[in-house]
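Shown next: upload.txt, given as compact mmCIF, C-alpha atoms.
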```txt
# COMPACT_ATOMS: atom_id res chain seq x y z
CA MET A 152 34.73 -77.18 -40.06
CA LYS A 153 34.33 -73.79 -41.76
CA LYS A 154 30.79 -74.71 -42.75
CA THR A 155 29.99 -75.56 -39.12
CA TYR A 156 31.34 -72.24 -37.92
CA PHE A 157 29.33 -70.45 -40.57
CA LEU A 158 26.12 -72.19 -39.51
CA ILE A 159 26.80 -71.35 -35.88
CA LEU A 160 27.38 -67.72 -36.83
CA LEU A 161 24.11 -67.63 -38.75
CA PHE A 162 22.35 -69.18 -35.79
CA ILE A 163 23.80 -66.56 -33.42
CA ILE A 164 22.86 -63.74 -35.80
CA GLY A 165 19.37 -65.15 -36.07
CA ILE A 166 18.95 -65.29 -32.31
CA PHE A 167 20.33 -61.74 -31.96
CA THR A 168 18.03 -60.44 -34.71
CA SER A 169 14.99 -62.12 -33.19
CA ALA A 170 15.84 -60.76 -29.75
CA LEU A 171 16.35 -57.30 -31.20
CA TYR A 172 13.09 -57.44 -33.16
CA PHE A 173 11.31 -58.64 -30.01
CA GLN A 174 12.15 -55.30 -28.35
CA PHE A 175 10.21 -53.48 -31.10
CA THR A 176 7.03 -55.58 -30.85
CA GLY A 177 4.07 -54.93 -28.61
CA PRO A 178 4.08 -56.36 -25.08
CA GLU A 179 0.64 -57.92 -25.61
CA LYS A 180 -1.03 -59.78 -28.49
CA LYS A 181 -4.65 -58.74 -28.01
CA PHE A 182 -5.52 -55.41 -29.64
CA VAL A 183 -7.22 -53.24 -27.03
CA VAL A 184 -7.31 -49.48 -27.60
CA GLU A 185 -6.44 -47.38 -24.55
CA ARG A 186 -6.41 -43.64 -23.91
CA PHE A 187 -2.99 -42.15 -23.33
CA VAL A 188 -2.92 -38.52 -22.19
CA ILE A 189 0.20 -36.39 -22.25
CA GLU A 190 -0.10 -33.43 -19.89
CA MET A 191 1.10 -29.98 -20.92
CA GLY A 192 4.76 -29.38 -20.14
CA THR A 193 5.67 -33.07 -19.98
CA PRO A 194 9.25 -33.70 -21.24
CA GLU A 195 9.63 -36.31 -23.97
CA GLU A 196 11.85 -38.41 -21.70
CA LYS A 197 9.00 -38.65 -19.18
CA VAL A 198 6.56 -39.68 -21.92
CA ILE A 199 8.86 -42.53 -22.94
CA GLN A 200 9.28 -43.62 -19.33
CA ARG A 201 5.50 -43.73 -18.93
CA LEU A 202 5.10 -45.83 -22.05
CA LYS A 203 7.48 -48.39 -20.57
CA GLU A 204 6.03 -48.25 -17.04
CA GLU A 205 2.45 -48.60 -18.27
CA GLY A 206 3.29 -51.53 -20.53
CA PHE A 207 2.94 -49.97 -23.98
CA ILE A 208 6.54 -50.64 -25.01
CA LYS A 209 9.19 -53.18 -24.00
CA SER A 210 12.22 -51.00 -24.47
CA GLU A 211 12.83 -47.27 -24.04
CA LEU A 212 15.95 -47.60 -26.20
CA ALA A 213 13.94 -49.13 -29.03
CA PHE A 214 11.42 -46.28 -28.89
CA LYS A 215 14.16 -43.65 -28.87
CA PHE A 216 15.82 -45.41 -31.81
CA VAL A 217 12.61 -45.15 -33.86
CA LEU A 218 12.24 -41.45 -32.99
CA ARG A 219 15.82 -40.84 -34.10
CA ILE A 220 15.68 -42.63 -37.45
CA LYS A 221 12.28 -41.07 -38.26
CA ASN A 222 13.50 -37.60 -37.23
CA TRP A 223 10.65 -37.42 -34.71
CA GLN A 224 12.70 -36.42 -31.68
CA GLY A 225 11.06 -33.51 -29.86
CA LYS A 226 7.88 -33.78 -31.94
CA ILE A 227 5.60 -35.52 -29.44
CA GLU A 228 3.07 -32.93 -28.27
CA PRO A 229 0.71 -32.81 -25.27
CA GLY A 230 -2.73 -34.20 -25.99
CA GLY A 231 -4.86 -37.32 -25.98
CA TYR A 232 -3.97 -40.41 -28.02
CA LYS A 233 -5.44 -43.85 -28.73
CA ILE A 234 -2.82 -46.60 -28.60
CA SER A 235 -2.66 -50.32 -27.82
CA LYS A 236 -0.16 -52.52 -25.99
CA SER A 237 -0.21 -54.81 -29.05
CA MET A 238 1.13 -52.07 -31.34
CA LYS A 239 4.73 -52.11 -32.50
CA VAL A 240 7.08 -49.39 -31.31
CA TRP A 241 7.07 -47.53 -34.62
CA GLU A 242 3.26 -47.63 -34.74
CA ILE A 243 2.96 -46.04 -31.29
CA ALA A 244 5.59 -43.44 -32.22
CA ASP A 245 3.63 -42.58 -35.37
CA VAL A 246 0.42 -42.06 -33.37
CA LEU A 247 2.10 -39.87 -30.75
CA VAL A 248 3.74 -37.69 -33.40
CA ASN A 249 1.07 -37.55 -36.09
CA ARG A 250 -2.34 -38.71 -34.88
CA PRO A 251 -3.70 -37.09 -31.71
CA TYR A 252 -7.45 -37.27 -31.19
CA GLN A 253 -7.46 -34.65 -28.42
CA LYS A 254 -5.52 -31.41 -27.97
CA TRP A 255 -5.07 -29.02 -25.07
CA VAL A 256 -6.48 -25.48 -25.25
CA MET A 257 -5.60 -23.00 -22.51
CA ILE A 258 -8.18 -20.23 -21.93
CA PRO A 259 -6.90 -17.49 -19.58
CA GLU A 260 -9.13 -15.26 -17.46
CA GLY A 261 -10.53 -12.07 -18.91
CA LEU A 262 -11.08 -13.01 -22.55
CA ARG A 263 -14.29 -12.16 -24.35
CA ARG A 264 -15.98 -14.99 -26.22
CA GLU A 265 -14.69 -13.83 -29.60
CA GLU A 266 -11.13 -14.19 -28.32
CA ILE A 267 -11.93 -17.63 -26.95
CA VAL A 268 -13.31 -18.86 -30.26
CA GLU A 269 -10.16 -17.63 -32.02
CA LYS A 270 -8.00 -19.73 -29.69
CA VAL A 271 -10.13 -22.85 -29.96
CA ALA A 272 -10.60 -22.55 -33.72
CA LYS A 273 -6.84 -22.41 -34.23
CA VAL A 274 -6.27 -25.66 -32.33
CA LEU A 275 -9.29 -27.57 -33.65
CA ASN A 276 -8.94 -26.15 -37.18
CA TRP A 277 -12.54 -24.94 -37.28
CA ALA A 278 -14.26 -23.56 -40.36
CA GLU A 279 -16.43 -20.43 -40.12
CA LYS A 280 -19.56 -22.49 -39.42
CA GLU A 281 -18.13 -23.93 -36.21
CA LYS A 282 -17.01 -20.50 -35.08
CA LYS A 283 -20.51 -19.12 -35.61
CA ASP A 284 -22.07 -22.10 -33.83
CA PHE A 285 -19.81 -21.48 -30.84
CA LEU A 286 -20.69 -17.78 -30.69
CA ASN A 287 -24.41 -18.55 -31.03
CA GLU A 288 -24.23 -21.00 -28.12
CA ALA A 289 -21.66 -19.28 -25.87
CA LYS A 290 -22.90 -16.92 -23.17
CA GLU A 291 -20.48 -14.14 -22.32
CA GLY A 292 -19.24 -14.35 -18.75
CA TYR A 293 -20.20 -18.00 -18.29
CA LEU A 294 -17.35 -19.69 -20.18
CA PHE A 295 -14.98 -20.86 -17.48
CA PRO A 296 -11.31 -19.93 -18.00
CA ASP A 297 -9.36 -23.17 -17.74
CA THR A 298 -7.18 -25.63 -19.63
CA TYR A 299 -9.31 -28.01 -21.68
CA LEU A 300 -8.48 -31.29 -23.41
CA LEU A 301 -10.77 -31.19 -26.43
CA ASN A 302 -11.58 -33.79 -29.06
CA LEU A 303 -10.48 -32.65 -32.50
CA ASP A 304 -13.96 -33.41 -33.87
CA TYR A 305 -15.81 -31.31 -31.28
CA THR A 306 -18.31 -28.86 -32.75
CA GLY A 307 -18.62 -25.23 -31.74
CA LYS A 308 -21.77 -26.01 -29.81
CA GLN A 309 -20.09 -28.87 -27.92
CA VAL A 310 -17.15 -26.75 -26.83
CA ALA A 311 -19.41 -23.91 -25.66
CA LYS A 312 -21.48 -26.36 -23.61
CA ARG A 313 -18.32 -27.93 -22.19
CA MET A 314 -17.05 -24.56 -21.00
CA GLU A 315 -20.41 -23.58 -19.55
CA SER A 316 -20.66 -26.91 -17.72
CA ARG A 317 -17.21 -26.32 -16.22
CA PHE A 318 -18.38 -22.85 -15.15
CA ASN A 319 -21.48 -24.25 -13.44
CA GLU A 320 -19.36 -26.85 -11.69
CA LYS A 321 -16.74 -24.39 -10.42
CA VAL A 322 -19.07 -21.51 -9.50
CA ALA A 323 -21.98 -23.42 -7.89
CA ASP A 324 -20.76 -22.79 -4.32
CA LEU A 325 -20.07 -19.12 -5.08
CA PHE A 326 -23.60 -18.67 -6.43
CA LYS A 327 -24.86 -20.16 -3.17
CA GLU A 328 -22.77 -17.63 -1.24
CA ALA A 329 -24.13 -14.86 -3.46
CA ARG A 330 -27.72 -15.83 -2.66
CA GLU A 331 -26.89 -15.74 1.05
CA LYS A 332 -25.59 -12.19 0.57
CA ASN A 333 -28.60 -11.20 -1.54
CA ILE A 334 -26.53 -10.73 -4.70
CA ARG A 335 -28.07 -11.83 -7.97
CA ASN A 336 -26.07 -14.27 -10.08
CA ASP A 337 -26.04 -11.97 -13.10
CA THR A 338 -24.90 -9.02 -10.97
CA LEU A 339 -22.09 -11.14 -9.52
CA ILE A 340 -20.72 -12.20 -12.91
CA ILE A 341 -21.13 -8.77 -14.50
CA LEU A 342 -19.19 -7.07 -11.70
CA ALA A 343 -16.61 -9.87 -11.66
CA SER A 344 -16.01 -9.29 -15.37
CA LEU A 345 -15.32 -5.61 -14.65
CA VAL A 346 -12.92 -6.47 -11.84
CA GLN A 347 -11.17 -9.03 -14.05
CA ARG A 348 -10.48 -6.51 -16.81
CA GLU A 349 -9.62 -3.59 -14.52
CA ALA A 350 -7.31 -5.28 -12.02
CA ALA A 351 -3.60 -5.46 -12.79
CA ASN A 352 -3.28 -8.51 -10.54
CA GLU A 353 -5.27 -10.72 -8.17
CA LYS A 354 -4.03 -8.88 -5.08
CA GLU A 355 -5.82 -5.64 -5.96
CA MET A 356 -9.09 -7.29 -7.04
CA PRO A 357 -10.82 -6.89 -3.65
CA LEU A 358 -9.95 -3.18 -3.59
CA ILE A 359 -11.30 -2.57 -7.08
CA ALA A 360 -14.40 -4.60 -6.23
CA GLY A 361 -14.89 -2.45 -3.14
CA ILE A 362 -14.63 0.75 -5.17
CA ILE A 363 -17.06 -0.53 -7.81
CA TRP A 364 -19.57 -1.52 -5.13
CA ASN A 365 -19.18 1.91 -3.48
CA ARG A 366 -19.93 3.73 -6.73
CA LEU A 367 -22.80 1.41 -7.60
CA LEU A 368 -24.49 1.74 -4.20
CA LYS A 369 -24.12 5.54 -4.25
CA GLY A 370 -25.80 5.72 -7.66
CA MET A 371 -22.65 7.01 -9.35
CA LYS A 372 -21.70 6.13 -12.90
CA LEU A 373 -19.12 3.35 -12.82
CA GLU A 374 -16.97 5.07 -15.50
CA ILE A 375 -14.89 2.00 -16.29
CA ASP A 376 -12.67 2.09 -19.36
CA ALA A 377 -12.98 -1.65 -19.96
CA THR A 378 -16.70 -1.26 -20.69
CA VAL A 379 -15.92 1.27 -23.43
CA GLN A 380 -13.26 -1.06 -24.81
CA TYR A 381 -15.82 -3.85 -24.93
CA ALA A 382 -18.24 -1.64 -26.83
CA LEU A 383 -15.58 -0.62 -29.36
CA GLY A 384 -13.74 -3.93 -29.69
CA LYS A 385 -13.55 -5.57 -33.09
CA GLU A 386 -11.65 -8.37 -34.76
CA GLY A 387 -7.92 -7.75 -34.60
CA ASN A 388 -8.27 -5.34 -31.68
CA TRP A 389 -10.78 -6.54 -29.11
CA TRP A 390 -9.52 -4.21 -26.35
CA PRO A 391 -8.54 -0.93 -28.08
CA LYS A 392 -6.75 1.88 -26.35
CA ILE A 393 -9.34 4.50 -25.36
CA LYS A 394 -9.23 7.99 -26.86
CA PRO A 395 -11.06 10.96 -25.26
CA GLU A 396 -13.81 10.94 -27.91
CA ASP A 397 -14.49 7.24 -27.24
CA TYR A 398 -16.12 8.06 -23.91
CA LYS A 399 -19.09 9.41 -25.87
CA VAL A 400 -19.78 6.20 -27.81
CA ASN A 401 -23.49 5.45 -27.60
CA SER A 402 -23.57 1.93 -26.20
CA PRO A 403 -25.42 0.42 -23.24
CA TYR A 404 -22.00 -0.90 -22.19
CA ASN A 405 -20.58 2.63 -21.91
CA THR A 406 -20.55 3.20 -18.15
CA TYR A 407 -19.43 6.78 -18.70
CA LEU A 408 -22.82 7.53 -20.29
CA TYR A 409 -25.14 5.22 -18.41
CA LYS A 410 -25.55 4.62 -14.69
CA GLY A 411 -25.51 1.19 -13.17
CA LYS A 412 -23.82 -1.96 -14.32
CA PRO A 413 -23.58 -2.88 -18.03
CA PRO A 414 -26.33 -5.14 -19.42
CA ALA A 415 -24.11 -8.24 -19.49
CA PRO A 416 -20.56 -9.34 -18.60
CA ILE A 417 -17.75 -7.87 -20.70
CA CYS A 418 -15.47 -10.89 -20.40
CA ASN A 419 -15.22 -14.31 -18.80
CA PRO A 420 -13.88 -13.83 -15.26
CA GLY A 421 -11.94 -16.28 -13.13
CA ILE A 422 -12.64 -17.47 -9.60
CA SER A 423 -10.49 -14.76 -7.95
CA ALA A 424 -12.50 -11.95 -9.54
CA ILE A 425 -15.79 -13.56 -8.56
CA LYS A 426 -14.60 -14.04 -4.98
CA ALA A 427 -13.47 -10.40 -4.86
CA VAL A 428 -16.99 -9.23 -5.71
CA LEU A 429 -18.42 -11.45 -2.99
CA ASN A 430 -15.81 -10.32 -0.46
CA PRO A 431 -14.76 -6.79 -1.45
CA GLU A 432 -12.34 -4.73 0.55
CA GLU A 433 -14.13 -2.32 2.86
CA THR A 434 -12.91 1.08 1.74
CA GLU A 435 -13.89 4.73 1.47
CA TYR A 436 -12.27 5.03 -1.94
CA LEU A 437 -14.45 5.96 -4.92
CA TYR A 438 -11.83 6.36 -7.64
CA TYR A 439 -8.67 4.65 -8.87
CA LEU A 440 -6.16 4.71 -11.70
CA HIS A 441 -3.09 2.76 -12.74
CA ASP A 442 0.22 4.43 -13.52
CA GLU A 443 2.49 3.35 -16.38
CA LYS A 444 4.01 0.62 -14.18
CA GLY A 445 0.59 -0.85 -13.39
CA GLN A 446 0.57 0.42 -9.80
CA ILE A 447 -2.92 1.32 -8.55
CA HIS A 448 -3.63 4.71 -6.97
CA PRO A 449 -7.05 5.02 -5.28
CA ALA A 450 -8.73 8.25 -4.18
CA ARG A 451 -11.56 9.14 -1.83
CA THR A 452 -12.70 12.26 -3.65
CA TYR A 453 -12.75 13.49 -7.24
CA GLU A 454 -10.28 16.22 -6.27
CA GLU A 455 -7.83 13.58 -5.01
CA HIS A 456 -8.40 11.61 -8.20
CA LEU A 457 -7.57 14.69 -10.33
CA LEU A 458 -4.34 15.12 -8.37
CA ASN A 459 -3.47 11.48 -9.04
CA ILE A 460 -4.12 12.01 -12.75
CA GLU A 461 -1.83 15.04 -12.70
CA LYS A 462 0.86 13.20 -10.76
CA TYR A 463 0.86 9.75 -12.29
CA LEU A 464 -0.49 10.17 -15.80
CA LYS A 465 -0.17 13.66 -17.26
CA GLU A 466 3.45 14.18 -16.29
CA LYS A 467 4.28 10.88 -18.05
CA GLN A 468 2.69 11.92 -21.33
```
Will you turn the file into structure tokens for me?
Amino acid sequence: MKKTYFLILLFIIGIFTSALYFQFTGPEKKFVVERFVIEMGTPEEKVIQRLKEEGFIKSELAFKFVLRIKNWQGKIEPGGYKISKSMKVWEIADVLVNRPYQKWVMIPEGLRREEIVEKVAKVLNWAEKEKKDFLNEAKEGYLFPDTYLLNLDYTGKQVAKRMESRFNEKVADLFKEAREKNIRNDTLIILASLVQREAANEKEMPLIAGIIWNRLLKGMKLEIDATVQYALGKEGNWWPKIKPEDYKVNSPYNTYLYKGKPPAPICNPGISAIKAVLNPEETEYLYYLHDEKGQIHPARTYEEHLLNIEKYLKEKQ
């Protein structure tokens, strides 16, 4: 009798073990690689739910168990992955924690290309050659600020072309509008880069664009600090704080020395800055400054501008 009970117990344990193991195996037998993208900001719980809903795993509990025993909880990062519905739970977990083939890179508006390559190189682990290839290919002003999902094996040239293609895609209609308003493409992007660097926020972009257009059309020097910063920028400090003697730096980008727009964009502007140049605020203002809180103070005359300097800047020094 005892032997019978023992055999029954073994049978029950066997069934339980098989059922438990079944939860850790892949839902399908055929090995077909599929792309699985985790968006930025996605909680781990949502990732696990998606794996179950899309048929990559049979059990959320089994997947969580593997993460816990492997000490992988909280280590799944946004990116692109190659997994299969035939893979076991621990194999999928290993890929999502350790083997991405794509990673996200967020490029904000207003960066110069050297800053962009620093961001991309850090994520893609580029050597100096790839950085140089990017800079040789990348055209300042025409690298669209966006969030990119990039293959880890992308070259510098490939990333530069990807960003320029995104720019052409996003700006095509705005270039058409520029032609209708008799504004050259290069003028549009150069001025947009100035607006991007000078504006404290999107709301004031049309005003700054209006002032820049006013000065340009009157033949005045633009006298924009950001152009001097661009001329002086170097690794570790791409946008240095301007000192009085810096306004004399001999550079074609120095709009305090040379009339007209700079020879090329000084950064890579976003859509809002480009639209502001196309649709500037109609204004009589010719000058502006920002106080220590970032509030803009425009002026119609140089005398008014000097008063603003005295009121909002000198008394704060």
Which residues come within 8 Å of segment 255-264 of chain A, counting only C-alpha atoms, excluding same-chain residues fewer than 2 positions away, as a PyMOL selection string?
chain A and resi 191+229-230+253+266-268+270-271+274+286+289-292+294+296-301+344+347-348+417-421
Enclose the full set of atoms of segment 212-229 of chain A listed in the file within a box whose edges lie along x, y and z, apply 8 Å of padding to each of the six sides, and report centre and edge lengths in Å to one decimal as JSON.
```
{"center_x": 8.3, "center_y": -41.0, "center_z": -31.8, "size_x": 31.2, "size_y": 32.3, "size_z": 29.0}
```
Atomic distance atom CA of Val240 of chain A - atom CA of Lys203 of chain A, expressed in Å with one decimal
10.8 Å
Write out as a compact mmCIF listing (two decimals) with C-alpha atoms, in the frame of the given file the residues lying within 12 Å of Gly231 of chain A, counting only C-alpha atoms and excluding same-chain residues fewer than 2 positions away.
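And here is the file that came out, part08.txt:
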```txt
# COMPACT_ATOMS: atom_id res chain seq x y z
CA GLU A 185 -6.44 -47.38 -24.55
CA ARG A 186 -6.41 -43.64 -23.91
CA PHE A 187 -2.99 -42.15 -23.33
CA VAL A 188 -2.92 -38.52 -22.19
CA ILE A 189 0.20 -36.39 -22.25
CA GLU A 190 -0.10 -33.43 -19.89
CA MET A 191 1.10 -29.98 -20.92
CA ILE A 227 5.60 -35.52 -29.44
CA GLU A 228 3.07 -32.93 -28.27
CA PRO A 229 0.71 -32.81 -25.27
CA LYS A 233 -5.44 -43.85 -28.73
CA ILE A 234 -2.82 -46.60 -28.60
CA VAL A 246 0.42 -42.06 -33.37
CA LEU A 247 2.10 -39.87 -30.75
CA VAL A 248 3.74 -37.69 -33.40
CA ASN A 249 1.07 -37.55 -36.09
CA ARG A 250 -2.34 -38.71 -34.88
CA PRO A 251 -3.70 -37.09 -31.71
CA TYR A 252 -7.45 -37.27 -31.19
CA GLN A 253 -7.46 -34.65 -28.42
CA LYS A 254 -5.52 -31.41 -27.97
CA TRP A 255 -5.07 -29.02 -25.07
CA VAL A 256 -6.48 -25.48 -25.25
CA TYR A 299 -9.31 -28.01 -21.68
CA LEU A 300 -8.48 -31.29 -23.41
CA LEU A 301 -10.77 -31.19 -26.43
CA ASN A 302 -11.58 -33.79 -29.06
CA LEU A 303 -10.48 -32.65 -32.50
```
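With distances restricted to all atoms listed in the file, A:Tyr409 is the closest residue to Met371 of chain A from A:Tyr436, A:Lys180, A:Ala213, A:Tyr409.
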Could you tell me, as a list in words, which residues have any atom at most 9 Å from (-12.2, -4.1, -12.9), counting all atoms listed in the file?
Leu342, Ala343, Ser344, Leu345, Val346, Gln347, Arg348, Glu349, Ala350, Ala351, Met356, Ile359, Ala360, Ile363, Ile375, Asp376, Ala377 and Ala424 of chain A
Can you work out the spacing between atom CA of Met238 of chain A and atom CA of Trp223 of chain A in Å, to one decimal?
17.8 Å
Have a look at atom CA of Leu464 of chain A and atom CA of Glu443 of chain A and let me know their distance in Å, one decimal.
7.5 Å
Pick out the residues sitting within 12 Å of Lys283 of chain A, and hand them over as a list in words; count only C-alpha atoms, and ignore anything fewer than 3 positions along from it in its own chain.
Arg264, Glu265, Val268, Glu269, Ala272, Trp277, Ala278, Glu279, Lys280, Leu286, Asn287, Glu288, Ala289, Thr306, Gly307, Lys308 and Ala311 of chain A
Can you tell me, as a ChimeraX atom specification, what residues are no more than 7 Å from segment 378-391 of chain A when counting all atoms listed in the file, ignoring any on the same chain fewer than 4 positions away?
/A:398,402,404-406,417
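The environment of Glu331 of chain A within 12 Å, counting only C-alpha atoms and disregarding residues fewer than 6 places along the same chain, consists of Asp324, Leu325 and Leu429 of chain A.
For the set A:Glu211, A:Glu281, A:Glu461, A:Glu355, the residue with the smallest atom-to-atom gap to Glu195 of chain A is A:Glu211, counting all atoms listed in the file.
If you count only C-alpha atoms and draw a sphere of 8 Å around (-17.2, -22.7, -19.1), the protein and nucleic acid residues inside it come out as Tyr293, Leu294, Phe295, Pro296, Asp297, Ala311, Lys312, Arg313, Met314, Glu315, Ser316, Arg317, Phe318 and Asn319 of chain A.
Nearest residue to Lys369 of chain A among A:Glu435, A:Asn401, A:Ile220, A:Val184 is A:Glu435, counting all atoms listed in the file.
Minimum distance to Tyr439 of chain A across A:Lys354, A:Arg366, A:Lys426, A:Lys394 (counting all atoms listed in the file) occurs at A:Arg366.
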Save segment 354-362 of chain A of the structure in the block above to a file, with all heavy atoms included, as an mmCIF file, in the first residue's frame.
```cif
data_model
loop_
_atom_site.group_PDB
_atom_site.id
_atom_site.type_symbol
_atom_site.label_atom_id
_atom_site.label_comp_id
_atom_site.auth_asym_id
_atom_site.auth_seq_id
_atom_site.Cartn_x
_atom_site.Cartn_y
_atom_site.Cartn_z
ATOM 1 N N LYS A 354 7.369 80.251 -26.964
ATOM 2 C CA LYS A 354 6.422 81.354 -27.031
ATOM 3 C C LYS A 354 7.046 82.632 -27.566
ATOM 4 O O LYS A 354 6.406 83.401 -28.304
ATOM 5 C CB LYS A 354 5.827 81.593 -25.640
ATOM 6 C CG LYS A 354 4.738 82.650 -25.603
ATOM 7 C CD LYS A 354 4.168 82.814 -24.194
ATOM 8 C CE LYS A 354 3.090 83.886 -24.157
ATOM 9 N NZ LYS A 354 2.542 84.065 -22.785
ATOM 10 N N GLU A 355 8.310 82.894 -27.204
ATOM 11 C CA GLU A 355 8.931 84.146 -27.627
ATOM 12 C C GLU A 355 9.684 84.034 -28.959
ATOM 13 O O GLU A 355 10.243 85.016 -29.444
ATOM 14 C CB GLU A 355 9.864 84.667 -26.539
ATOM 15 C CG GLU A 355 11.100 83.839 -26.294
ATOM 16 C CD GLU A 355 11.963 84.396 -25.168
ATOM 17 O OE1 GLU A 355 11.397 84.943 -24.212
ATOM 18 O OE2 GLU A 355 13.195 84.267 -25.247
ATOM 19 N N MET A 356 9.678 82.857 -29.565
ATOM 20 C CA MET A 356 10.393 82.678 -30.835
ATOM 21 C C MET A 356 9.914 83.610 -31.941
ATOM 22 O O MET A 356 10.736 84.211 -32.635
ATOM 23 C CB MET A 356 10.321 81.216 -31.288
ATOM 24 C CG MET A 356 11.250 80.292 -30.525
ATOM 25 S SD MET A 356 11.158 78.584 -31.129
ATOM 26 C CE MET A 356 12.457 77.823 -30.123
ATOM 27 N N PRO A 357 8.589 83.769 -32.143
ATOM 28 C CA PRO A 357 8.146 84.688 -33.206
ATOM 29 C C PRO A 357 8.597 86.131 -32.984
ATOM 30 O O PRO A 357 8.921 86.834 -33.941
ATOM 31 C CB PRO A 357 6.616 84.567 -33.152
ATOM 32 C CG PRO A 357 6.368 83.200 -32.592
ATOM 33 C CD PRO A 357 7.458 83.012 -31.573
ATOM 34 N N LEU A 358 8.643 86.572 -31.730
ATOM 35 C CA LEU A 358 9.105 87.930 -31.428
ATOM 36 C C LEU A 358 10.580 88.087 -31.778
ATOM 37 O O LEU A 358 10.973 89.059 -32.441
ATOM 38 C CB LEU A 358 8.884 88.252 -29.952
ATOM 39 C CG LEU A 358 9.496 89.577 -29.452
ATOM 40 C CD1 LEU A 358 8.923 90.763 -30.225
ATOM 41 C CD2 LEU A 358 9.269 89.741 -27.948
ATOM 42 N N ILE A 359 11.403 87.140 -31.350
ATOM 43 C CA ILE A 359 12.832 87.218 -31.652
ATOM 44 C C ILE A 359 13.061 87.130 -33.158
ATOM 45 O O ILE A 359 13.897 87.855 -33.711
ATOM 46 C CB ILE A 359 13.595 86.111 -30.905
ATOM 47 C CG1 ILE A 359 13.611 86.422 -29.399
ATOM 48 C CG2 ILE A 359 15.023 85.971 -31.435
ATOM 49 C CD1 ILE A 359 14.336 85.412 -28.564
ATOM 50 N N ALA A 360 12.287 86.269 -33.827
ATOM 51 C CA ALA A 360 12.408 86.175 -35.286
ATOM 52 C C ALA A 360 12.061 87.510 -35.934
ATOM 53 O O ALA A 360 12.737 87.955 -36.880
ATOM 54 C CB ALA A 360 11.500 85.067 -35.811
ATOM 55 N N GLY A 361 11.021 88.165 -35.424
ATOM 56 C CA GLY A 361 10.626 89.463 -35.962
ATOM 57 C C GLY A 361 11.717 90.504 -35.794
ATOM 58 O O GLY A 361 11.987 91.307 -36.694
ATOM 59 N N ILE A 362 12.361 90.499 -34.630
ATOM 60 C CA ILE A 362 13.442 91.463 -34.365
ATOM 61 C C ILE A 362 14.636 91.180 -35.267
ATOM 62 O O ILE A 362 15.251 92.105 -35.826
ATOM 63 C CB ILE A 362 13.845 91.415 -32.877
ATOM 64 C CG1 ILE A 362 12.686 91.923 -32.004
ATOM 65 C CG2 ILE A 362 15.105 92.246 -32.633
ATOM 66 C CD1 ILE A 362 12.914 91.759 -30.511
#
```
